[in-house]
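So this block is target-v2.txt, compact mmCIF, C-alpha atoms and all ligand atoms:
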```
# COMPACT_ATOMS: atom_id res chain seq x y z
CA MET A 1 150.63 92.19 107.30
CA THR A 2 149.63 88.89 108.79
CA ASN A 3 147.58 86.32 106.98
CA GLU A 4 145.47 83.89 108.92
CA PHE A 5 144.56 80.68 107.13
CA THR A 6 141.94 78.11 108.12
CA PHE A 7 140.83 75.04 106.26
CA LEU A 8 137.09 74.57 106.70
CA GLY A 9 137.47 71.17 105.05
CA GLY A 10 139.65 69.18 102.67
CA ALA A 11 143.02 69.64 104.37
CA THR A 12 143.76 66.11 105.60
CA GLU A 13 141.52 64.36 103.09
CA VAL A 14 140.29 64.52 99.52
CA GLY A 15 136.81 66.01 99.79
CA SER A 16 134.64 68.91 101.04
CA THR A 17 137.31 71.55 100.38
CA GLY A 18 137.04 75.02 101.89
CA PHE A 19 139.90 77.44 102.52
CA LEU A 20 139.49 80.66 104.48
CA LEU A 21 142.02 83.49 104.25
CA ARG A 22 141.85 86.47 106.57
CA SER A 23 144.40 89.25 106.10
CA ASP A 24 144.52 92.67 107.77
CA ASN A 25 142.61 94.25 104.88
CA PHE A 26 140.32 91.61 103.44
CA SER A 27 138.93 88.11 103.82
CA CYS A 28 138.10 85.46 101.26
CA ILE A 29 137.13 81.83 100.76
CA PHE A 30 138.53 79.54 98.08
CA ASP A 31 136.17 76.69 97.13
CA TYR A 32 133.40 75.32 99.33
CA GLY A 33 132.44 71.76 98.53
CA LEU A 34 130.99 68.59 99.95
CA THR A 35 131.86 64.89 99.78
CA PRO A 36 129.03 63.05 98.00
CA THR A 37 129.09 59.91 100.14
CA SER A 38 125.94 58.76 101.89
CA PRO A 39 125.45 60.56 104.13
CA PRO A 40 127.29 63.48 102.50
CA LYS A 41 130.15 65.11 104.36
CA TYR A 42 130.19 68.88 104.77
CA PRO A 43 132.93 71.40 105.58
CA LEU A 44 132.81 73.57 108.71
CA GLN A 45 130.42 76.49 108.51
CA ALA A 46 131.89 79.38 106.54
CA PRO A 47 131.77 82.94 107.90
CA SER A 48 130.86 85.97 105.78
CA VAL A 49 133.83 87.16 103.69
CA ASP A 50 134.65 89.88 101.14
CA TYR A 51 135.43 87.58 98.20
CA VAL A 52 134.56 84.02 97.20
CA PHE A 53 136.72 82.18 94.64
CA LEU A 54 135.76 78.91 92.96
CA THR A 55 138.54 76.99 91.18
CA HIS A 56 136.41 74.37 89.43
CA ALA A 57 133.06 72.66 89.31
CA HIS A 58 133.73 69.27 90.94
CA ILE A 59 131.28 68.75 93.79
CA ASP A 60 134.03 68.41 96.44
CA HIS A 61 135.02 72.00 95.59
CA SER A 62 131.73 73.60 94.55
CA GLY A 63 129.03 71.57 96.33
CA MET A 64 128.26 74.05 99.11
CA MET A 65 128.54 77.25 97.04
CA PRO A 66 124.76 77.78 96.71
CA TRP A 67 124.56 77.69 100.50
CA LEU A 68 127.36 80.24 100.78
CA THR A 69 126.11 82.65 98.13
CA SER A 70 122.52 82.53 99.39
CA LYS A 71 123.50 83.12 103.01
CA TYR A 72 125.87 86.02 102.38
CA ASP A 73 125.81 88.75 99.78
CA THR A 74 129.27 88.09 98.33
CA LYS A 75 130.47 88.13 94.73
CA LEU A 76 131.54 84.76 93.34
CA TYR A 77 134.67 84.81 91.18
CA THR A 78 134.77 81.96 88.70
CA THR A 79 134.66 81.16 84.99
CA PRO A 80 131.19 81.09 83.36
CA LEU A 81 131.80 77.48 82.34
CA THR A 82 132.51 76.48 85.96
CA LEU A 83 129.33 78.19 87.12
CA ALA A 84 127.23 76.41 84.47
CA LEU A 85 128.84 73.03 85.25
CA ALA A 86 128.47 73.51 88.99
CA ASN A 87 124.79 74.31 88.54
CA ILE A 88 124.24 70.98 86.77
CA LEU A 89 125.98 69.17 89.64
CA HIS A 90 124.08 71.15 92.29
CA ARG A 91 120.72 70.26 90.77
CA ASP A 92 121.81 66.62 90.61
CA ASN A 93 123.01 66.76 94.21
CA LEU A 94 119.67 68.15 95.35
CA LYS A 95 117.88 65.31 93.57
CA ILE A 96 120.15 62.72 95.24
CA SER A 97 119.59 64.31 98.68
CA GLU A 98 115.84 64.02 98.18
CA LEU A 99 116.07 60.42 96.94
CA GLU A 100 118.32 59.31 99.77
CA GLY A 101 116.43 61.28 102.41
CA PHE A 102 119.19 63.65 103.52
CA PRO A 103 118.16 67.20 104.40
CA PRO A 104 119.09 69.48 101.45
CA MET A 105 121.55 72.26 102.23
CA TYR A 106 120.01 74.61 99.68
CA SER A 107 117.03 75.04 97.38
CA LYS A 108 116.55 75.24 93.62
CA THR A 109 116.16 78.99 94.03
CA ASP A 110 119.52 79.22 95.83
CA ILE A 111 121.15 77.39 92.92
CA ARG A 112 119.55 79.70 90.37
CA GLU A 113 120.40 82.84 92.32
CA MET A 114 124.04 81.83 92.58
CA GLY A 115 124.39 83.04 88.99
CA GLU A 116 123.42 86.56 90.05
CA LYS A 117 126.50 86.69 92.29
CA LEU A 118 128.89 85.81 89.46
CA TYR A 119 131.88 88.00 88.80
CA GLU A 120 133.02 86.56 85.51
CA ILE A 121 136.73 85.83 85.15
CA ASP A 122 138.84 84.17 82.49
CA VAL A 123 142.24 82.51 82.26
CA ASN A 124 145.42 84.48 81.58
CA LEU A 125 143.82 87.72 82.74
CA LYS A 126 144.53 90.09 85.63
CA TYR A 127 141.91 91.89 87.70
CA TYR A 128 142.52 94.88 89.94
CA LEU A 129 140.30 94.58 93.00
CA ASP A 130 140.27 96.94 96.00
CA ASP A 131 142.85 95.17 98.08
CA PHE A 132 144.86 93.03 95.68
CA GLN A 133 145.59 92.11 92.14
CA LEU A 134 144.00 88.85 91.03
CA GLU A 135 145.63 86.66 88.38
CA VAL A 136 143.77 83.73 86.89
CA HIS A 137 145.71 80.77 85.46
CA SER A 138 144.48 77.55 83.91
CA ALA A 139 144.77 74.58 86.31
CA GLY A 140 144.83 71.87 83.62
CA HIS A 141 142.46 69.71 85.69
CA ILE A 142 139.12 69.93 83.86
CA PRO A 143 137.78 72.48 81.34
CA GLY A 144 137.20 75.81 83.06
CA SER A 145 139.39 74.96 86.08
CA VAL A 146 141.69 77.73 87.32
CA MET A 147 144.29 78.65 89.92
CA PHE A 148 144.06 82.01 91.70
CA LYS A 149 147.02 84.23 92.50
CA LEU A 150 146.45 87.14 94.88
CA THR A 151 149.07 89.87 95.10
CA PRO A 152 148.18 92.39 97.83
CA THR A 153 148.51 96.02 96.70
CA ASP A 154 150.77 96.80 99.67
CA ASN A 155 153.45 94.53 98.18
CA GLU A 156 153.00 91.86 100.83
CA ALA A 157 153.50 88.16 100.04
CA SER A 158 151.64 86.84 97.01
CA ILE A 159 149.49 83.72 97.43
CA LEU A 160 148.73 81.06 94.82
CA PHE A 161 145.78 78.75 95.51
CA THR A 162 145.91 75.84 93.07
CA GLY A 163 142.59 74.05 93.47
CA ASP A 164 143.10 70.70 91.74
CA ILE A 165 145.91 70.68 89.17
CA ASN A 166 147.31 68.52 86.45
CA THR A 167 150.62 69.34 84.79
CA ILE A 168 150.48 66.82 81.94
CA ASP A 169 148.39 67.21 78.79
CA THR A 170 145.40 64.85 78.71
CA ARG A 171 143.12 64.27 75.73
CA LEU A 172 140.67 66.81 77.12
CA VAL A 173 142.79 69.69 78.47
CA SER A 174 146.36 70.98 78.35
CA GLY A 175 148.42 70.80 81.54
CA THR A 176 148.97 73.78 83.83
CA ARG A 177 152.18 75.81 84.11
CA PRO A 178 153.91 76.92 87.35
CA VAL A 179 153.36 80.49 88.57
CA LYS A 180 155.92 82.36 90.70
CA CYS A 181 154.55 83.13 94.17
CA ASP A 182 155.57 83.61 97.83
CA ILE A 183 153.00 81.32 99.45
CA LEU A 184 151.91 78.26 97.49
CA VAL A 185 148.73 76.55 98.70
CA MET A 186 148.81 73.31 96.74
CA GLU A 187 146.67 70.20 96.47
CA SER A 188 148.53 67.00 97.31
CA THR A 189 146.14 64.20 96.34
CA TYR A 190 148.99 62.12 94.88
CA SER A 191 151.66 62.85 97.47
CA GLY A 192 153.82 59.72 97.60
CA ARG A 193 152.29 58.18 94.47
CA ASP A 194 153.38 58.48 90.86
CA HIS A 195 151.24 57.84 87.81
CA GLU A 196 152.21 55.37 85.15
CA LEU A 197 152.83 56.93 81.75
CA ARG A 198 149.51 58.09 80.39
CA ALA A 199 150.03 56.44 77.00
CA LYS A 200 150.60 53.10 78.74
CA ILE A 201 147.44 53.41 80.84
CA GLU A 202 145.43 54.26 77.73
CA TYR A 203 146.90 51.28 75.86
CA ASN A 204 146.18 48.81 78.70
CA PHE A 205 142.65 50.12 79.07
CA LEU A 206 141.83 49.86 75.36
CA GLU A 207 143.34 46.36 75.17
CA LYS A 208 141.14 45.26 78.09
CA VAL A 209 138.01 46.67 76.44
CA LYS A 210 138.81 44.77 73.23
CA GLU A 211 139.59 41.55 75.14
CA ILE A 212 136.26 41.60 77.01
CA ILE A 213 134.15 42.44 73.98
CA GLU A 214 135.92 39.83 71.85
CA GLY A 215 135.36 37.28 74.65
CA GLY A 216 131.61 37.87 74.44
CA GLY A 217 131.36 40.09 77.54
CA LYS A 218 129.97 43.57 78.12
CA VAL A 219 131.98 46.50 79.43
CA ILE A 220 130.86 49.12 81.92
CA VAL A 221 133.08 52.20 82.20
CA PRO A 222 131.97 54.18 85.29
CA VAL A 223 132.90 57.85 84.96
CA PHE A 224 132.53 61.19 86.68
CA ALA A 225 130.20 63.44 84.68
CA VAL A 226 132.60 66.35 84.51
CA GLY A 227 135.90 65.65 82.80
CA ARG A 228 136.24 61.88 82.95
CA THR A 229 133.24 61.14 80.70
CA GLN A 230 134.70 63.28 77.94
CA GLU A 231 138.26 62.03 78.46
CA MET A 232 137.07 58.43 78.14
CA LEU A 233 135.03 59.19 75.02
CA LEU A 234 138.11 60.75 73.41
CA ILE A 235 140.20 57.68 74.28
CA LEU A 236 137.54 55.12 73.29
CA ALA A 237 137.17 56.90 69.93
CA ASP A 238 140.44 55.15 68.98
CA LEU A 239 138.65 51.79 68.97
CA ASP A 240 136.00 52.65 66.44
CA MET A 241 133.33 50.73 68.39
CA GLU A 242 129.73 51.66 69.20
CA ILE A 243 129.59 53.49 72.53
CA TRP A 244 126.53 53.97 74.72
CA LEU A 245 126.57 57.05 76.93
CA ASP A 246 124.27 57.24 79.95
CA GLY A 247 123.96 59.66 82.86
CA LEU A 248 124.85 63.24 83.49
CA GLY A 249 127.97 63.22 81.31
CA GLY A 250 125.98 63.85 78.14
CA GLU A 251 124.57 67.15 79.34
CA VAL A 252 128.02 68.16 80.57
CA THR A 253 129.63 67.31 77.22
CA ARG A 254 127.09 69.49 75.43
CA LEU A 255 128.01 72.34 77.77
CA PHE A 256 131.77 71.83 77.23
CA LEU A 257 131.22 72.15 73.49
CA GLN A 258 129.75 75.62 74.03
CA TYR A 259 133.13 76.68 75.47
CA PRO A 260 135.61 75.28 72.92
CA SER A 261 138.44 77.55 74.04
CA TYR A 262 138.79 75.50 77.26
CA LEU A 263 139.18 72.23 75.34
CA ARG A 264 142.34 70.82 73.82
CA ASN A 265 140.53 69.37 70.82
CA ALA A 266 136.93 70.55 70.61
CA LYS A 267 136.57 69.28 67.06
CA LYS A 268 137.39 65.69 68.03
CA LEU A 269 135.09 65.80 71.06
CA ARG A 270 132.25 67.13 68.92
CA LYS A 271 132.76 64.37 66.38
CA ILE A 272 132.76 61.52 68.91
CA PHE A 273 129.80 63.04 70.79
CA GLU A 274 127.79 63.04 67.55
CA GLN A 275 128.57 59.34 67.10
CA VAL A 276 127.79 57.96 70.57
CA HIS A 277 124.36 56.55 71.35
CA ARG A 278 122.77 58.61 74.08
CA VAL A 279 120.68 56.69 76.61
CA ARG A 280 117.65 58.48 78.02
CA THR A 281 114.90 55.86 78.30
CA ARG A 282 114.49 52.37 79.71
CA GLY A 283 114.27 50.96 76.17
CA GLN A 284 117.53 52.61 75.25
CA ARG A 285 119.09 51.17 78.41
CA ARG A 286 118.17 47.68 77.19
CA LYS A 287 119.75 48.48 73.84
CA ALA A 288 122.89 49.70 75.58
CA LEU A 289 123.11 46.35 77.39
CA GLU A 290 122.88 44.59 74.04
CA GLY A 291 125.45 46.97 72.55
CA GLY A 292 127.92 46.17 75.27
CA LEU A 293 130.21 49.21 75.70
CA ILE A 294 128.63 51.55 78.22
CA VAL A 295 130.09 54.78 79.62
CA THR A 296 128.03 56.01 82.56
CA THR A 297 127.92 57.90 85.87
CA SER A 298 128.64 57.71 88.71
CA GLY A 299 132.38 57.16 88.73
CA LEU A 300 132.38 56.10 92.38
CA LEU A 301 129.42 53.72 91.90
CA ASP A 302 127.50 55.72 94.52
CA GLY A 303 124.25 56.00 92.59
CA GLY A 304 123.44 56.95 89.01
CA PRO A 305 122.57 54.63 86.11
CA VAL A 306 125.79 52.64 86.58
CA LEU A 307 124.11 50.62 89.35
CA SER A 308 121.29 49.44 87.09
CA TYR A 309 123.85 48.17 84.56
CA ILE A 310 125.88 46.47 87.28
CA ARG A 311 122.72 44.76 88.54
CA GLU A 312 122.21 43.22 85.08
CA LEU A 313 125.83 42.24 84.46
CA LYS A 314 127.25 41.44 87.89
CA ASN A 315 126.94 37.64 87.82
CA ASN A 316 129.03 36.93 84.74
CA PRO A 317 132.83 37.06 85.05
CA LYS A 318 133.06 37.58 81.29
CA ASN A 319 131.66 41.09 81.83
CA GLY A 320 134.04 43.89 82.72
CA LEU A 321 133.83 46.81 85.12
CA LEU A 322 136.65 49.23 84.34
CA LEU A 323 137.04 51.91 87.01
CA THR A 324 138.60 55.07 85.62
CA GLY A 325 139.39 57.27 88.60
CA TYR A 326 140.49 57.55 92.20
CA GLN A 327 137.97 55.81 94.48
CA VAL A 328 137.61 57.91 97.63
CA LYS A 329 137.36 56.34 101.08
CA GLY A 330 133.79 55.41 101.95
CA SER A 331 132.68 55.12 98.32
CA ASN A 332 131.15 52.02 96.72
CA GLY A 333 134.04 51.88 94.26
CA ARG A 334 136.57 51.71 97.10
CA SER A 335 134.55 48.94 98.75
CA LEU A 336 134.54 47.04 95.44
CA LEU A 337 138.33 47.29 95.10
CA GLU A 338 139.01 46.34 98.72
CA LYS A 339 136.26 43.79 99.43
CA GLY A 340 134.67 42.90 96.10
CA VAL A 341 131.23 44.06 97.23
CA ILE A 342 129.11 47.16 96.77
CA ASN A 343 126.07 48.55 98.50
CA MET A 344 123.00 48.24 96.25
CA ASP A 345 119.77 49.54 97.77
CA GLY A 346 121.00 48.86 101.28
CA SER A 347 122.33 45.33 100.82
CA MET A 348 125.96 44.40 100.15
CA GLU A 349 126.17 42.57 96.82
CA LYS A 350 129.10 40.54 95.54
CA ILE A 351 130.30 41.61 92.10
CA ASN A 352 131.41 38.68 89.99
CA MET A 353 132.82 40.65 87.06
CA ASP A 354 136.26 41.31 85.59
CA VAL A 355 137.00 44.38 87.77
CA ASN A 356 139.97 46.55 86.82
CA PHE A 357 141.24 49.95 87.86
CA TYR A 358 142.87 52.45 85.49
CA ASP A 359 144.57 55.52 86.88
CA PHE A 360 143.13 58.14 84.52
CA SER A 361 143.80 60.81 87.06
CA ALA A 362 143.24 64.51 86.42
CA HIS A 363 145.69 65.25 89.26
CA ALA A 364 149.44 65.76 89.10
CA GLY A 365 151.44 62.81 90.47
CA HIS A 366 154.12 63.04 93.16
CA LYS A 367 157.03 63.85 90.81
CA GLU A 368 155.01 66.49 88.97
CA LEU A 369 153.97 68.14 92.24
CA LEU A 370 157.62 68.40 93.34
CA ASP A 371 158.59 69.90 90.01
CA PHE A 372 155.67 72.33 90.18
CA VAL A 373 156.77 73.58 93.61
CA THR A 374 160.36 74.06 92.44
CA LYS A 375 159.26 76.16 89.50
CA CYS A 376 156.74 78.25 91.48
CA ASP A 377 159.70 79.04 93.75
CA PRO A 378 157.73 80.00 96.89
CA GLU A 379 158.97 80.57 100.42
CA HIS A 380 156.06 78.76 102.07
CA VAL A 381 154.24 75.67 100.83
CA VAL A 382 150.85 74.78 102.31
CA LEU A 383 149.81 71.22 101.46
CA TYR A 384 146.11 70.33 101.51
CA HIS A 385 143.65 67.95 99.78
CA GLY A 386 145.64 64.82 100.62
CA ASP A 387 145.55 61.97 103.12
CA ASN A 388 149.26 61.23 102.76
CA ARG A 389 150.98 64.65 102.82
CA ASP A 390 153.98 63.69 104.99
CA ILE A 391 155.96 62.19 102.11
CA LEU A 392 155.75 65.39 100.07
CA LYS A 393 156.48 67.44 103.18
CA GLN A 394 159.65 65.47 103.96
CA GLU A 395 160.98 66.00 100.46
CA LEU A 396 160.22 69.70 100.42
CA GLU A 397 161.19 70.85 103.89
CA SER A 398 164.91 71.26 103.29
CA ASP A 399 164.16 74.03 100.78
CA TYR A 400 160.82 75.49 101.89
CA VAL A 401 158.76 76.21 104.98
CA VAL A 402 156.13 73.48 104.67
CA HIS A 403 152.75 73.52 106.43
CA ILE A 404 150.36 70.58 106.72
CA PRO A 405 147.30 72.15 108.35
CA VAL A 406 144.31 70.32 109.82
CA GLU A 407 140.67 71.29 109.44
CA GLY A 408 139.39 74.00 111.75
CA LYS A 409 142.77 75.05 113.15
CA ALA A 410 143.92 78.52 112.09
CA PHE A 411 147.57 79.19 111.31
CA LYS A 412 149.36 82.45 110.61
CA MET A 413 152.19 83.63 108.40
ZN ZN B 501 138.54 68.21 90.97
```
Is it possible to express this structure as structure tokens?
Ligand SMILES: [Zn+2]
Amino acid sequence: MTNEFTFLGGATEVGSTGFLLRSDNFSCIFDYGLTPTSPPKYPLQAPSVDYVFLTHAHIDHSGMMPWLTSKYDTKLYTTPLTLALANILHRDNLKISELEGFPPMYSKTDIREMGEKLYEIDVNLKYYLDDFQLEVHSAGHIPGSVMFKLTPTDNEASILFTGDINTIDTRLVSGTRPVKCDILVMESTYSGRDHELRAKIEYNFLEKVKEIIEGGGKVIVPVFAVGRTQEMLLILADLDMEIWLDGLGGEVTRLFLQYPSYLRNAKKLRKIFEQVHRVRTRGQRRKALEGGLIVTTSGLLDGGPVLSYIRELKNNPKNGLLLTGYQVKGSNGRSLLEKGVINMDGSMEKINMDVNFYDFSAHAGHKELLDFVTKCDPEHVVLYHGDNRDILKQELESDYVVHIPVEGKAFKM
């Protein structure tokens, strides 16, 4: 049997992931997302396939799913939590498209009807489909995130598609475990880069928060709604300070708490979520500014309530802006780190605040990726979702056949 693989997006970069697999007997797509820059970036147009698999809800993996499921009548294999999370992000994405004047790729109805295509799966289970056996493993990235292993019924090579993975335990989720396979299709966001020890990052972050507050400043913690908001709440809980939570992360946290089995410590998250001050109105936003410790979307500073807080606090170097995640190319956060300015309503504004970056990544670092490959023990390794894959490739190619595909170009094995 020959397999033909094509990345529709997200091979050479972190964003708009889409992976097409065509074998002699069946075809499928893993993830179909968009990059939420302005204007948004989309993957190549997907063809009709037999199966659609979604690893997790993040918009760069799920963002174009309503388009896909409304255009073709295909079942969508994912966890119910991922579907519910993705729907929140899709509705938000639609709103942003309208606000920013970009043509929407799908309608509210398409988002709603996506649920009708769901084929519910869960971690640590096996499913026997017509052409292959499907194994679902936790990816350790965010709650509900999974890896898919396909083993064709004719005993041909098994394929593991990782989506985004993390191998270490974070406050929110437990790390993933390697899975034996023949062809490993693995994300490589952190190829060539290692993370500092998590405990050290947490310590430095909490010390900075204390230092700013004690110095009379206010702290903005920009976060992604899904995963990072909750991780930061769990970490900030150590400080025993009043926290103000604004943006989409609140709704997402409530949803997480309905699926406690995907969380490492649901009880602790519930407790801290009951204690935070939720911000929903303008008056509450003023109170949050007085309060001084604000956790809010968006994590890349590309829209969301975070910009209104920055506008109020940007001219006082006593105030802190503590970035908590990877800032993708083209984002406001990246521009802040590289040039000290961000785009606010079309004009570039200088940010005179105590700006710091903390690597609270939900992705495995370079060393962990190498270790993961060794333990999965594949013959072929396909690296995607990385703009610096050569370093990982060089280290792996003495032991494995390593592929670093580009978008739109099919390759066979
Ligand atoms: Zn992700």
Nearest candidate to ligand ZN 501 (chain B) (options A:Asp50, A:Asp164, A:Asp130, A:Glu368; using all atoms listed in the file): A:Asp164
Find the residues around Ser27 of chain A up to 7 Å (only C-alpha atoms counted), leave out those fewer than 2 positions away in its own chain, and share them as a short mmCIF file (atom, residue, chain, number, x, y, z; two decimals) with C-alpha atoms, in the coordinates of the input.
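This went into around_18.cif:
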```cif
data_model
loop_
_atom_site.label_atom_id
_atom_site.label_comp_id
_atom_site.auth_asym_id
_atom_site.auth_seq_id
_atom_site.Cartn_x
_atom_site.Cartn_y
_atom_site.Cartn_z
CA LEU A 21 142.02 83.49 104.25
CA ARG A 22 141.85 86.47 106.57
CA SER A 23 144.40 89.25 106.10
CA VAL A 49 133.83 87.16 103.69
CA ASP A 50 134.65 89.88 101.14
CA TYR A 51 135.43 87.58 98.20
#
```
Residue with smallest distance to Phe161 of chain A - pool A:Ile243, A:Ala57, A:Leu20, A:Val406, counting only C-alpha atoms: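 Closest to Phe161 of chain A of all the choices is A:Leu20.
Residues of protein or nucleic acid lying within 7 Å of ligand ZN 501 (chain B), counting all atoms listed in the file, are His56, His58, His61, His141 and Asp164 of chain A.
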Point-to-point distance from atom CA of Ser188 of chain A to atom CA of Gly15 of chain A, Å rounded to tenths: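 Computing it gives 12.0 Å between the two atoms.
Each of A:Lys210, A:Lys350, A:Lys126, A:Lys41 was checked against Asn332 of chain A using all atoms listed in the file; the smallest atom-to-atom distance is that of A:Lys350.
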Nearest residue to Asp110 of chain A from the set A:Leu68, A:Leu89, A:Val328, A:Ile342 (distances using all atoms listed in the file):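 Distance minimum relative to Asp110 of chain A lands on A:Leu68.
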Non-local contacts of segment 220-232 of chain A (7 Å; only C-alpha atoms; under 4 positions in same chain excluded) as a list in words: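 Counting only C-alpha atoms, the residues come to Ile142, Arg171, Leu172, Leu236, Leu248, Gly249, Val252, Thr253, Leu293, Ile294, Val295, Thr296, Thr297, Ser298, Gly299, Val306, Gly320, Leu321, Leu322, Leu323 and Thr324 of chain A.
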12 Å contact set for Val185 of chain A, all atoms listed in the file, chain neighbours under 4 positions out, as a ChimeraX atom specification: /A:5-7,11,19-21,30,147-150,158-165,179,181,369,372-373,376,378-385,401-405
Taking 4 positions as the minimum chain separation for residues in the same chain, which residues sit within 8 Å of Ile351 of chain A when counting only C-alpha atoms? Answer as a short mmCIF file (atom, residue, chain, number, x, y, z; two decimals) with C-alpha atoms, in the coordinates of the input.
```cif
data_model
loop_
_atom_site.label_atom_id
_atom_site.label_comp_id
_atom_site.auth_asym_id
_atom_site.auth_seq_id
_atom_site.Cartn_x
_atom_site.Cartn_y
_atom_site.Cartn_z
CA LYS A 314 127.25 41.44 87.89
CA ASN A 315 126.94 37.64 87.82
CA LEU A 336 134.54 47.04 95.44
CA GLY A 340 134.67 42.90 96.10
CA VAL A 341 131.23 44.06 97.23
CA ILE A 342 129.11 47.16 96.77
#
```
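Using all atoms listed in the file, every residue with an atom at most 12 Å from the point (153.2, 59.2, 83.9) is listed here: Asn166, Thr167, Ile168, Asp169, Thr170, Arg193, Asp194, His195, Glu196, Leu197, Arg198, Ala199, Lys200, Ile201, Glu202, Asp359, Phe360, Ser361, Ala362, His363, Ala364, Gly365, His366, Lys367 and Glu368 of chain A.
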Would you mind exporting C-alpha atoms of the selected residues as a PDB file, in the frame of the given file?
```pdb
ATOM      1  CA  ASN A 166     147.310  68.520  86.450  1.00  0.00           C
ATOM      2  CA  THR A 167     150.620  69.340  84.790  1.00  0.00           C
ATOM      3  CA  ILE A 168     150.480  66.820  81.940  1.00  0.00           C
ATOM      4  CA  ASP A 169     148.390  67.210  78.790  1.00  0.00           C
ATOM      5  CA  THR A 170     145.400  64.850  78.710  1.00  0.00           C
ATOM      6  CA  ARG A 193     152.290  58.180  94.470  1.00  0.00           C
ATOM      7  CA  ASP A 194     153.380  58.480  90.860  1.00  0.00           C
ATOM      8  CA  HIS A 195     151.240  57.840  87.810  1.00  0.00           C
ATOM      9  CA  GLU A 196     152.210  55.370  85.150  1.00  0.00           C
ATOM     10  CA  LEU A 197     152.830  56.930  81.750  1.00  0.00           C
ATOM     11  CA  ARG A 198     149.510  58.090  80.390  1.00  0.00           C
ATOM     12  CA  ALA A 199     150.030  56.440  77.000  1.00  0.00           C
ATOM     13  CA  LYS A 200     150.600  53.100  78.740  1.00  0.00           C
ATOM     14  CA  ILE A 201     147.440  53.410  80.840  1.00  0.00           C
ATOM     15  CA  GLU A 202     145.430  54.260  77.730  1.00  0.00           C
ATOM     16  CA  ASP A 359     144.570  55.520  86.880  1.00  0.00           C
ATOM     17  CA  PHE A 360     143.130  58.140  84.520  1.00  0.00           C
ATOM     18  CA  SER A 361     143.800  60.810  87.060  1.00  0.00           C
ATOM     19  CA  ALA A 362     143.240  64.510  86.420  1.00  0.00           C
ATOM     20  CA  HIS A 363     145.690  65.250  89.260  1.00  0.00           C
ATOM     21  CA  ALA A 364     149.440  65.760  89.100  1.00  0.00           C
ATOM     22  CA  GLY A 365     151.440  62.810  90.470  1.00  0.00           C
ATOM     23  CA  HIS A 366     154.120  63.040  93.160  1.00  0.00           C
ATOM     24  CA  LYS A 367     157.030  63.850  90.810  1.00  0.00           C
ATOM     25  CA  GLU A 368     155.010  66.490  88.970  1.00  0.00           C
TER      26      GLU A 368
END
```
Gap from atom CA of Phe273 of chain A to atom CA of Asn319 of chain A - Å, one decimal: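 Here the two named atoms are 24.6 Å from each other.
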Residue among A:Gly250, A:Gly144, A:Gly175, A:Gly63 lying closest to Tyr32 of chain A, counting all atoms listed in the file: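 When distances to Tyr32 of chain A are compared using all atoms listed in the file, the smallest one comes from A:Gly63.
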Residue neighbourhood segment 95-108 of chain A, 9 Å, all atoms listed in the file, exclusion window fewer than 4 positions, as number ranges by chain: A: 38-40, 64, 66-67, 70, 90-91, 112-113, 303
From A:Asp60, A:Asp377, A:Asp240, A:Glu13, residue lying nearest Tyr400 of chain A [only C-alpha atoms]: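 Answer, going by the shortest atom-to-atom distance: A:Asp377.
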Spatial sel., origin (139.1, 75.8, 83.9), limit 9 Å, all atoms listed in the file, listed as a ChimeraX atom specification: /A:55-57,78-79,81-82,122-123,137-147,173,262
Complete segment 156-165 of chain A with N, CA and C atoms (output as a compact mmCIF listing (two decimals), keeping the file's coordinate frame).
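Written output follows (result29.txt):
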```txt
# COMPACT_ATOMS: atom_id res chain seq x y z
N GLU A 156 152.78 92.98 99.92
CA GLU A 156 153.00 91.86 100.83
C GLU A 156 153.06 90.55 100.01
N ALA A 157 153.30 89.45 100.71
CA ALA A 157 153.50 88.16 100.04
C ALA A 157 152.33 87.79 99.12
N SER A 158 152.68 87.29 97.94
CA SER A 158 151.64 86.84 97.01
C SER A 158 151.27 85.39 97.35
N ILE A 159 150.01 85.04 97.08
CA ILE A 159 149.49 83.72 97.43
C ILE A 159 148.91 83.06 96.19
N LEU A 160 149.33 81.81 95.93
CA LEU A 160 148.73 81.06 94.82
C LEU A 160 147.93 79.91 95.40
N PHE A 161 146.63 79.87 95.10
CA PHE A 161 145.78 78.75 95.51
C PHE A 161 145.51 77.90 94.27
N THR A 162 145.93 76.63 94.32
CA THR A 162 145.91 75.84 93.07
C THR A 162 144.57 75.20 92.74
N GLY A 163 143.71 74.97 93.75
CA GLY A 163 142.59 74.05 93.47
C GLY A 163 143.19 72.70 93.10
N ASP A 164 142.53 71.95 92.23
CA ASP A 164 143.10 70.70 91.74
C ASP A 164 143.90 71.00 90.48
N ILE A 165 145.09 70.39 90.35
CA ILE A 165 145.91 70.68 89.17
C ILE A 165 146.39 69.41 88.48
```
